[in-house]
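Shown below: query.pdb, with PDB, C-alpha atoms.
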```
ATOM      1  CA  MET A   1      -3.277 -38.884  92.381
ATOM      2  CA  ALA A   2      -0.195 -40.472  90.872
ATOM      3  CA  ILE A   3       2.094 -38.062  92.730
ATOM      4  CA  ALA A   4       0.235 -38.700  95.991
ATOM      5  CA  SER A   5       0.501 -42.469  95.511
ATOM      6  CA  ALA A   6       4.202 -42.239  94.719
ATOM      7  CA  ALA A   7       4.752 -40.100  97.816
ATOM      8  CA  ALA A   8       2.959 -42.728  99.919
ATOM      9  CA  MET A   9       5.254 -45.437  98.551
ATOM     10  CA  VAL A  10       8.317 -43.321  99.332
ATOM     11  CA  GLY A  11       6.972 -42.774 102.835
ATOM     12  CA  ALA A  12       6.482 -46.514 103.300
ATOM     13  CA  GLY A  13      10.099 -47.072 102.268
ATOM     14  CA  ILE A  14      11.356 -44.428 104.680
ATOM     15  CA  ILE A  15       9.567 -46.183 107.561
ATOM     16  CA  LEU A  16      11.850 -49.176 107.014
ATOM     17  CA  LEU A  17      14.841 -46.961 107.844
ATOM     18  CA  VAL A  18      13.376 -45.779 111.169
ATOM     19  CA  PRO A  19      14.444 -47.825 114.219
ATOM     20  CA  THR A  20      11.998 -48.657 116.992
ATOM     21  CA  GLY A  21      11.972 -46.249 119.917
ATOM     22  CA  PRO A  22      12.752 -46.925 123.571
ATOM     23  CA  SER A  23       9.069 -47.122 124.526
ATOM     24  CA  LEU A  24       8.350 -50.196 122.388
ATOM     25  CA  GLY A  25       6.680 -52.872 124.499
ATOM     26  CA  ALA A  26       5.551 -56.411 123.884
ATOM     27  CA  SER A  27       2.113 -56.649 122.326
ATOM     28  CA  GLY A  28      -0.593 -57.863 124.668
ATOM     29  CA  ARG A  29      -3.390 -60.271 123.870
ATOM     30  CA  PHE A  30      -6.197 -58.717 121.884
ATOM     31  CA  GLU A  31      -8.949 -57.615 124.259
ATOM     32  CA  PRO A  32     -11.548 -55.164 122.898
ATOM     33  CA  ARG A  33     -12.376 -53.938 126.416
ATOM     34  CA  MET A  34      -8.875 -52.482 126.708
ATOM     35  CA  ALA A  35      -9.916 -49.796 124.219
ATOM     36  CA  LEU A  36     -11.919 -48.251 127.071
ATOM     37  CA  THR A  37      -8.612 -47.437 128.774
ATOM     38  CA  ALA A  38      -8.524 -44.354 126.563
ATOM     39  CA  LEU A  39     -11.630 -43.145 128.415
ATOM     40  CA  ARG A  40     -10.858 -44.400 131.923
ATOM     41  CA  ASP A  41      -7.294 -43.096 132.131
ATOM     42  CA  ARG A  42      -7.441 -39.310 132.693
ATOM     43  CA  PRO A  43      -4.291 -38.258 130.741
ATOM     44  CA  LEU A  44      -5.247 -40.465 127.785
ATOM     45  CA  ARG A  45      -8.818 -39.211 127.945
ATOM     46  CA  LEU A  46      -7.665 -35.588 127.827
ATOM     47  CA  ALA A  47      -5.306 -36.251 124.914
ATOM     48  CA  THR A  48      -8.119 -38.014 123.056
ATOM     49  CA  LEU A  49     -10.555 -35.169 123.766
ATOM     50  CA  GLY A  50      -7.985 -32.715 122.432
ATOM     51  CA  TYR A  51      -7.740 -34.800 119.263
ATOM     52  CA  LEU A  52     -11.535 -34.936 118.901
ATOM     53  CA  GLY A  53     -11.696 -31.151 119.167
ATOM     54  CA  HIS A  54      -9.076 -30.928 116.430
ATOM     55  CA  MET A  55     -10.933 -33.392 114.190
ATOM     56  CA  TRP A  56     -14.266 -31.601 114.675
ATOM     57  CA  GLU A  57     -12.778 -28.787 112.634
ATOM     58  CA  LEU A  58     -10.115 -30.255 110.343
ATOM     59  CA  TYR A  59     -11.898 -32.312 107.690
ATOM     60  CA  ALA A  60     -14.972 -30.095 107.518
ATOM     61  CA  MET A  61     -12.668 -27.167 106.807
ATOM     62  CA  TRP A  62     -10.766 -29.111 104.148
ATOM     63  CA  ALA A  63     -13.957 -30.443 102.569
ATOM     64  CA  TRP A  64     -15.739 -27.078 102.312
ATOM     65  CA  ILE A  65     -13.009 -24.462 101.965
ATOM     66  CA  GLY A  66     -13.221 -24.674  98.171
ATOM     67  CA  ALA A  67     -16.951 -23.952  98.163
ATOM     68  CA  PHE A  68     -16.422 -21.088 100.614
ATOM     69  CA  LEU A  69     -13.722 -19.546  98.451
ATOM     70  CA  ALA A  70     -15.806 -19.889  95.283
ATOM     71  CA  ALA A  71     -18.757 -18.154  96.947
ATOM     72  CA  SER A  72     -16.509 -15.463  98.414
ATOM     73  CA  PHE A  73     -14.799 -14.740  95.099
ATOM     74  CA  ALA A  74     -18.168 -14.630  93.344
ATOM     75  CA  ALA A  75     -19.429 -12.153  95.952
ATOM     76  CA  ALA A  76     -16.335 -10.046  95.255
ATOM     77  CA  LYS A  77     -17.357  -9.966  91.553
ATOM     78  CA  LEU A  78     -14.226 -11.737  90.301
ATOM     79  CA  SER A  79     -14.212 -13.282  86.870
ATOM     80  CA  ASN A  80     -13.691 -17.072  86.843
ATOM     81  CA  PRO A  81     -14.327 -17.404  90.606
ATOM     82  CA  ASP A  82     -14.487 -21.209  90.470
ATOM     83  CA  GLN A  83     -11.076 -21.556  88.826
ATOM     84  CA  LEU A  84      -9.466 -19.104  91.223
ATOM     85  CA  ALA A  85     -11.156 -20.858  94.152
ATOM     86  CA  SER A  86      -9.727 -24.202  93.040
ATOM     87  CA  ILE A  87      -6.198 -22.777  93.045
ATOM     88  CA  ALA A  88      -6.744 -21.019  96.378
ATOM     89  CA  ALA A  89      -8.223 -24.153  97.967
ATOM     90  CA  PHE A  90      -5.253 -26.199  96.770
ATOM     91  CA  ALA A  91      -2.880 -23.651  98.275
ATOM     92  CA  THR A  92      -4.815 -23.630 101.553
ATOM     93  CA  ILE A  93      -4.608 -27.395 101.964
ATOM     94  CA  ALA A  94      -1.119 -27.885 100.493
ATOM     95  CA  ILE A  95       0.425 -25.238 102.753
ATOM     96  CA  GLY A  96      -0.437 -27.571 105.593
ATOM     97  CA  PHE A  97       2.908 -29.296 105.058
ATOM     98  CA  VAL A  98       4.506 -26.234 106.646
ATOM     99  CA  GLY A  99       2.280 -26.649 109.670
ATOM    100  CA  ALA A 100       2.930 -30.382 109.922
ATOM    101  CA  LEU A 101       6.711 -30.006 109.746
ATOM    102  CA  GLY A 102       6.811 -26.865 111.851
ATOM    103  CA  GLY A 103       4.448 -28.316 114.435
ATOM    104  CA  GLY A 104       6.615 -31.374 114.939
ATOM    105  CA  PHE A 105       9.786 -29.289 115.147
ATOM    106  CA  LEU A 106       8.334 -26.851 117.672
ATOM    107  CA  ALA A 107       6.489 -29.417 119.801
ATOM    108  CA  ASP A 108       9.738 -31.216 120.594
ATOM    109  CA  ARG A 109      11.208 -27.927 121.768
ATOM    110  CA  ILE A 110       8.430 -25.926 123.420
ATOM    111  CA  GLY A 111       6.182 -28.794 124.441
ATOM    112  CA  ARG A 112       3.293 -30.774 122.986
ATOM    113  CA  THR A 113       0.489 -29.134 124.953
ATOM    114  CA  THR A 114       1.928 -25.683 124.257
ATOM    115  CA  LEU A 115       2.018 -26.317 120.520
ATOM    116  CA  THR A 116      -1.415 -27.939 120.312
ATOM    117  CA  MET A 117      -3.078 -25.179 122.335
ATOM    118  CA  ALA A 118      -1.483 -22.436 120.241
ATOM    119  CA  ALA A 119      -2.464 -24.112 116.960
ATOM    120  CA  MET A 120      -6.062 -24.680 118.055
ATOM    121  CA  ILE A 121      -6.475 -21.116 119.322
ATOM    122  CA  ILE A 122      -5.286 -19.780 115.963
ATOM    123  CA  SER A 123      -7.461 -22.145 113.930
ATOM    124  CA  ALA A 124     -10.512 -21.384 116.105
ATOM    125  CA  ALA A 125      -9.942 -17.688 115.463
ATOM    126  CA  CYS A 126      -9.804 -18.408 111.720
ATOM    127  CA  CYS A 127     -13.165 -20.217 111.955
ATOM    128  CA  LEU A 128     -14.698 -17.045 113.343
ATOM    129  CA  LEU A 129     -12.836 -14.603 111.108
ATOM    130  CA  ALA A 130     -13.660 -16.481 107.895
ATOM    131  CA  GLY A 131     -17.173 -15.091 107.893
ATOM    132  CA  LEU A 132     -15.983 -11.550 108.493
ATOM    133  CA  VAL A 133     -13.740 -11.596 105.409
ATOM    134  CA  PHE A 134     -16.306 -13.348 103.187
ATOM    135  CA  GLY A 135     -16.630 -11.378  99.967
ATOM    136  CA  ALA A 136     -13.703  -9.101 100.883
ATOM    137  CA  ALA A 137     -10.564  -8.536  98.810
ATOM    138  CA  PRO A 138      -9.356 -11.922  97.543
ATOM    139  CA  ALA A 139      -5.826 -11.298  98.848
ATOM    140  CA  LEU A 140      -7.211 -10.846 102.372
ATOM    141  CA  VAL A 141      -9.380 -13.956 102.144
ATOM    142  CA  LEU A 142      -6.473 -16.023 100.820
ATOM    143  CA  ALA A 143      -4.126 -14.714 103.526
ATOM    144  CA  LEU A 144      -6.542 -15.853 106.222
ATOM    145  CA  CYS A 145      -6.943 -19.231 104.545
ATOM    146  CA  ILE A 146      -3.173 -19.731 104.359
ATOM    147  CA  VAL A 147      -2.838 -19.059 108.097
ATOM    148  CA  TRP A 148      -5.770 -21.387 108.672
ATOM    149  CA  GLY A 149      -4.289 -24.087 106.452
ATOM    150  CA  ILE A 150      -1.058 -24.049 108.468
ATOM    151  CA  SER A 151      -2.594 -23.903 111.945
ATOM    152  CA  VAL A 152      -5.381 -26.426 111.381
ATOM    153  CA  ILE A 153      -2.895 -29.266 110.818
ATOM    154  CA  ALA A 154       0.091 -28.131 112.902
ATOM    155  CA  ASP A 155      -1.173 -29.960 115.992
ATOM    156  CA  SER A 156      -2.463 -33.121 114.317
ATOM    157  CA  ALA A 157       0.490 -35.466 114.818
ATOM    158  CA  GLN A 158       1.050 -34.255 118.359
ATOM    159  CA  PHE A 159      -2.107 -35.902 119.663
ATOM    160  CA  SER A 160      -0.874 -39.274 118.433
ATOM    161  CA  ALA A 161       2.525 -38.548 119.952
ATOM    162  CA  CYS A 162       0.835 -37.729 123.276
ATOM    163  CA  VAL A 163      -1.078 -41.005 123.269
ATOM    164  CA  SER A 164       2.082 -42.931 122.382
ATOM    165  CA  GLU A 165       3.925 -41.379 125.310
ATOM    166  CA  LEU A 166       1.070 -41.748 127.801
ATOM    167  CA  SER A 167      -0.127 -45.271 126.930
ATOM    168  CA  PRO A 168       0.614 -48.264 129.172
ATOM    169  CA  PRO A 169       3.284 -50.592 127.720
ATOM    170  CA  GLY A 170       1.809 -52.988 125.185
ATOM    171  CA  LEU A 171      -1.343 -50.937 124.622
ATOM    172  CA  THR A 172      -0.001 -48.156 122.424
ATOM    173  CA  GLY A 173      -1.476 -49.592 119.241
ATOM    174  CA  THR A 174      -4.882 -50.082 120.830
ATOM    175  CA  MET A 175      -4.927 -46.550 122.224
ATOM    176  CA  LEU A 176      -3.904 -45.023 118.897
ATOM    177  CA  THR A 177      -6.534 -47.061 117.061
ATOM    178  CA  THR A 178      -9.233 -45.967 119.506
ATOM    179  CA  GLN A 179      -8.226 -42.328 119.204
ATOM    180  CA  THR A 180      -8.038 -42.369 115.407
ATOM    181  CA  ALA A 181     -11.303 -44.285 114.909
ATOM    182  CA  ALA A 182     -13.211 -41.901 117.185
ATOM    183  CA  GLY A 183     -11.701 -38.857 115.487
ATOM    184  CA  PHE A 184     -12.503 -39.908 111.938
ATOM    185  CA  ALA A 185     -16.035 -40.959 112.942
ATOM    186  CA  LEU A 186     -16.549 -37.464 114.342
ATOM    187  CA  THR A 187     -15.508 -35.847 111.062
ATOM    188  CA  LEU A 188     -18.578 -37.348 109.385
ATOM    189  CA  VAL A 189     -20.777 -35.197 111.601
ATOM    190  CA  THR A 190     -19.300 -31.807 110.779
ATOM    191  CA  ILE A 191     -18.714 -32.552 107.099
ATOM    192  CA  GLN A 192     -22.429 -33.341 106.742
ATOM    193  CA  LEU A 193     -23.542 -30.415 108.919
ATOM    194  CA  MET A 194     -21.658 -27.721 107.006
ATOM    195  CA  PRO A 195     -24.220 -27.365 104.166
ATOM    196  CA  VAL A 196     -26.974 -27.260 106.780
ATOM    197  CA  TRP A 197     -25.249 -24.366 108.532
ATOM    198  CA  VAL A 198     -24.702 -22.609 105.184
ATOM    199  CA  ASP A 199     -28.450 -22.827 104.500
ATOM    200  CA  TRP A 200     -29.261 -21.483 107.959
ATOM    201  CA  VAL A 201     -26.791 -18.629 108.382
ATOM    202  CA  GLY A 202     -24.946 -18.296 105.061
ATOM    203  CA  TRP A 203     -21.200 -18.442 104.598
ATOM    204  CA  ASN A 204     -20.703 -15.505 106.960
ATOM    205  CA  TRP A 205     -21.209 -17.746 109.989
ATOM    206  CA  ALA A 206     -21.187 -21.281 108.603
ATOM    207  CA  PHE A 207     -17.625 -22.000 109.788
ATOM    208  CA  ALA A 208     -18.231 -20.514 113.248
ATOM    209  CA  PRO A 209     -19.559 -23.779 114.791
ATOM    210  CA  LEU A 210     -16.280 -25.454 113.862
ATOM    211  CA  ALA A 211     -14.545 -23.231 116.426
ATOM    212  CA  ILE A 212     -16.280 -25.196 119.182
ATOM    213  CA  GLY A 213     -13.964 -28.157 118.582
ATOM    214  CA  PRO A 214     -10.569 -26.452 118.914
ATOM    215  CA  ILE A 215     -11.819 -24.340 121.833
ATOM    216  CA  LEU A 216     -12.832 -27.448 123.790
ATOM    217  CA  GLY A 217      -9.666 -29.191 122.589
ATOM    218  CA  THR A 218      -7.574 -26.348 123.981
ATOM    219  CA  ILE A 219      -9.289 -26.715 127.360
ATOM    220  CA  ALA A 220      -8.570 -30.454 127.365
ATOM    221  CA  MET A 221      -4.896 -29.935 126.542
ATOM    222  CA  ALA A 222      -4.590 -27.204 129.181
ATOM    223  CA  ARG A 223      -5.854 -29.681 131.757
ATOM    224  CA  LEU A 224      -3.450 -32.302 130.486
ATOM    225  CA  ARG A 225      -0.623 -29.797 130.831
ATOM    226  CA  HIS A 226      -1.385 -29.480 134.562
ATOM    227  CA  ASP A 227      -1.583 -33.244 135.047
ATOM    228  CA  SER A 228       1.551 -34.835 136.483
ATOM    229  CA  ALA A 229       1.512 -37.415 133.679
ATOM    230  CA  SER A 230       2.334 -34.666 131.180
ATOM    231  CA  ALA A 231       5.938 -34.898 132.349
ATOM    232  CA  LYS A 232       6.154 -37.916 130.018
ATOM    233  CA  LEU A 233       5.496 -35.755 126.974
ATOM    234  CA  ALA A 234       8.385 -34.775 124.693
ATOM    235  CA  GLY A 235      11.018 -35.639 127.245
ATOM    236  CA  GLY A 236       9.440 -33.452 129.915
ATOM    237  CA  ARG A 237       8.572 -30.541 127.617
ATOM    238  CA  ARG A 238       4.855 -30.302 128.192
TER     239      ARG A 238
END
```

The structure given in the file should be rewritten as structure tokens.
Amino acid sequence: MAIASAAAMVGAGIILLVPTGPSLGASGRFEPRMALTALRDRPLRLATLGYLGHMWELYAMWAWIGAFLAASFAAAKLSNPDQLASIAAFATIAIGFVGALGGGFLADRIGRTTLTMAAMIISAACCLLAGLVFGAAPALVLALCIVWGISVIADSAQFSACVSELSPPGLTGTMLTTQTAAGFALTLVTIQLMPVWVDWVGWNWAFAPLAIGPILGTIAMARLRHDSASAKLAGGRR
């Protein structure tokens, strides 16, 4: 916790060194109804739907991957499955920094919709494959989780970048707030549903419903890619 707090303080200091971008506009008067622009404007709506698909999966995976790994390692008859699961869960979540950095690097070069669709397709596949490797060799389970940990977060920042680039001048903050609030509210649903699904179908299929989010998110981003407004993304790299 101390390291995380120190990192946050360093990050706050780094922000002071970052100049404002060319899209900065004057702030408009606060009007709650303007938040609905995120739903009325088609490109913003698609970017927000892509983000909601991403969030349907992300925090439920992070919250329950440790329990999944502990159950899987126990099924594989490992000694100290809980301790090994703790280490494996840490690795799964921590490796996300590779996805976050790599996602930002690639999105600026191959396009935001391209990167987000690829990441969500991979993470959706991991949702489905997790059950198939449950109780298998720990190395195989961990390998899948590492791929999952990278892909599940690689697209995250790109949805905010999309909204920033697509928002009307002066409404960027409102659009980002609307997107983020809706996304984090949605995470409460899947985090709470995961133990219900485990009781119903066991760990073999409990993560499968999470694939619904990135699949629908991929469809939304594919539609955004074919919208003329997507030319605003990443300097024309859709």

**From A:Ile87, A:Ala7, A:Ala220, A:Leu140, residue lying nearest Thr114 of chain A [all atoms listed in the file]** =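 Of all the options, A:Ala220 lies closest to Thr114 of chain A.
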
**Message:** Residue by residue, what does the PyMOL selection byres ((chain A and resi 93-99) around 9) grab here? Present the result as an NGL selection string.
**Reply:** :A and (62 or 65 or 88-92 or 100-104 or 145-155)

Mind writing the picked residues with C-alpha atoms as a compact mmCIF listing (two decimals), in the coordinates of the input?
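File written: selection_25.txt
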```
# COMPACT_ATOMS: atom_id res chain seq x y z
CA TRP A 62 -10.77 -29.11 104.15
CA ILE A 65 -13.01 -24.46 101.96
CA ALA A 88 -6.74 -21.02 96.38
CA ALA A 89 -8.22 -24.15 97.97
CA PHE A 90 -5.25 -26.20 96.77
CA ALA A 91 -2.88 -23.65 98.28
CA THR A 92 -4.82 -23.63 101.55
CA ALA A 100 2.93 -30.38 109.92
CA LEU A 101 6.71 -30.01 109.75
CA GLY A 102 6.81 -26.86 111.85
CA GLY A 103 4.45 -28.32 114.44
CA GLY A 104 6.62 -31.37 114.94
CA CYS A 145 -6.94 -19.23 104.54
CA ILE A 146 -3.17 -19.73 104.36
CA VAL A 147 -2.84 -19.06 108.10
CA TRP A 148 -5.77 -21.39 108.67
CA GLY A 149 -4.29 -24.09 106.45
CA ILE A 150 -1.06 -24.05 108.47
CA SER A 151 -2.59 -23.90 111.94
CA VAL A 152 -5.38 -26.43 111.38
CA ILE A 153 -2.90 -29.27 110.82
CA ALA A 154 0.09 -28.13 112.90
CA ASP A 155 -1.17 -29.96 115.99
```

**Prompt:** Selected by the PyMOL selection byres ((chain A and resi 111) around 9) in the shown coordinates: which residues, as a list in words?
**Reply:** Leu106, Ala107, Asp108, Arg109, Ile110, Arg112, Thr113, Thr114, Leu115, Thr116, Leu233, Ala234, Gly235, Gly236, Arg237 and Arg238 of chain A

**Given all atoms listed in the file as the counted atoms, nearest of A:Tyr51, A:Phe68, A:Phe105, A:Trp205 to Met120 of chain A** =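 With all atoms listed in the file as the atom set, the closest residue is A:Tyr51.
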
Using all atoms listed in the file, tabulate the residues of segment 15-124 of chain A lying at most 8 Å from any atom of segment 222-229 of chain A, each with its closest atom pair and that distance in Å to one decimal, by chain and increasing residue number, as a tab-separated table.
```
residue	atom	partner	partner_atom	distance
A:Pro43	CA	A:Leu224	CA	6.0
A:Leu46	CA	A:Leu224	CA	6.0
A:Ala47	CA	A:Leu224	CA	7.1
A:Thr113	CA	A:Arg225	CA	6.0
A:Met117	CA	A:Ala222	CA	7.3
```

**Request:** For the structure shown, which residues end up in the PyMOL selection byres ((chain A and resi 67) around 10)? Put them as number ranges by chain, please?
**Result:** A: 63-66, 68-73, 82, 85-86, 89, 203

Only C-alpha atoms, please: the residues just picked out, written as an mmCIF file, in the frame of the given file.
```cif
data_model
loop_
_atom_site.group_PDB
_atom_site.id
_atom_site.type_symbol
_atom_site.label_atom_id
_atom_site.label_comp_id
_atom_site.auth_asym_id
_atom_site.auth_seq_id
_atom_site.Cartn_x
_atom_site.Cartn_y
_atom_site.Cartn_z
ATOM 1 C CA ALA A 63 -13.957 -30.443 102.569
ATOM 2 C CA TRP A 64 -15.739 -27.078 102.312
ATOM 3 C CA ILE A 65 -13.009 -24.462 101.965
ATOM 4 C CA GLY A 66 -13.221 -24.674 98.171
ATOM 5 C CA PHE A 68 -16.422 -21.088 100.614
ATOM 6 C CA LEU A 69 -13.722 -19.546 98.451
ATOM 7 C CA ALA A 70 -15.806 -19.889 95.283
ATOM 8 C CA ALA A 71 -18.757 -18.154 96.947
ATOM 9 C CA SER A 72 -16.509 -15.463 98.414
ATOM 10 C CA PHE A 73 -14.799 -14.740 95.099
ATOM 11 C CA ASP A 82 -14.487 -21.209 90.470
ATOM 12 C CA ALA A 85 -11.156 -20.858 94.152
ATOM 13 C CA SER A 86 -9.727 -24.202 93.040
ATOM 14 C CA ALA A 89 -8.223 -24.153 97.967
ATOM 15 C CA TRP A 203 -21.200 -18.442 104.598
#
```

**Prompt:** Separation of atom CA of Thr178 of chain A and atom CA of Tyr59 of chain A, in Å?
**Reply:**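 Computing it gives 18.3 Å between the two atoms.
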
**Complete:** Closest of A:Ser164, A:Gln192, A:Thr180, A:Asn204 to Pro22 of chain A, counting all atoms listed in the file, is A:Ser164

**Message:** With only C-alpha atoms as the counted atoms, please give the residues lying no more than 8 Å from Met55 of chain A, apart from itself and same-chain residues fewer than 5 positions off, as JSON, numbers by chain.
**Reply:** {"A": [183, 184, 186, 187, 213]}

**Prompt:** So how many Å separate atom CA of Leu188 of chain A and atom CA of Leu52 of chain A, to one decimal?
**Reply:**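 Going from atom CA of Leu188 of chain A over to atom CA of Leu52 of chain A, I get 12.1 Å.
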
**Request:** Could you please determine the separation between atom CA of Val198 of chain A and atom CA of Leu144 of chain A in Å, to one decimal place?
**Result:**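 Separation between atom CA of Val198 of chain A and atom CA of Leu144 of chain A: 19.4 Å.
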
**Asked** Which of these, A:Ala211, A:Ala143, A:Met1, A:Val163, has the shortest distance to Ser230 of chain A once you count all atoms listed in the file?
**Response**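 Counting all atoms listed in the file, the residue closest to Ser230 of chain A is A:Val163.
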
**Complete:** From the list A:Leu39, A:Pro138, A:Pro209, A:Ile122, the nearest residue to Trp197 of chain A using only C-alpha atoms is A:Pro209

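Proximity of A:Ala118, A:Arg45, A:Cys127, A:Arg40 to Ala208 of chain A, computed with all atoms listed in the file, is greatest for A:Cys127.
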
Centre, x/y/z edge lengths, axis-aligned box for segment 192-202 of chain A with 8 Å per side, as lines of an AutoDock Vina configuration file:
```
center_x = -25.5
center_y = -25.8
center_z = 106.5
size_x = 23.6
size_y = 31.0
size_z = 20.8
```
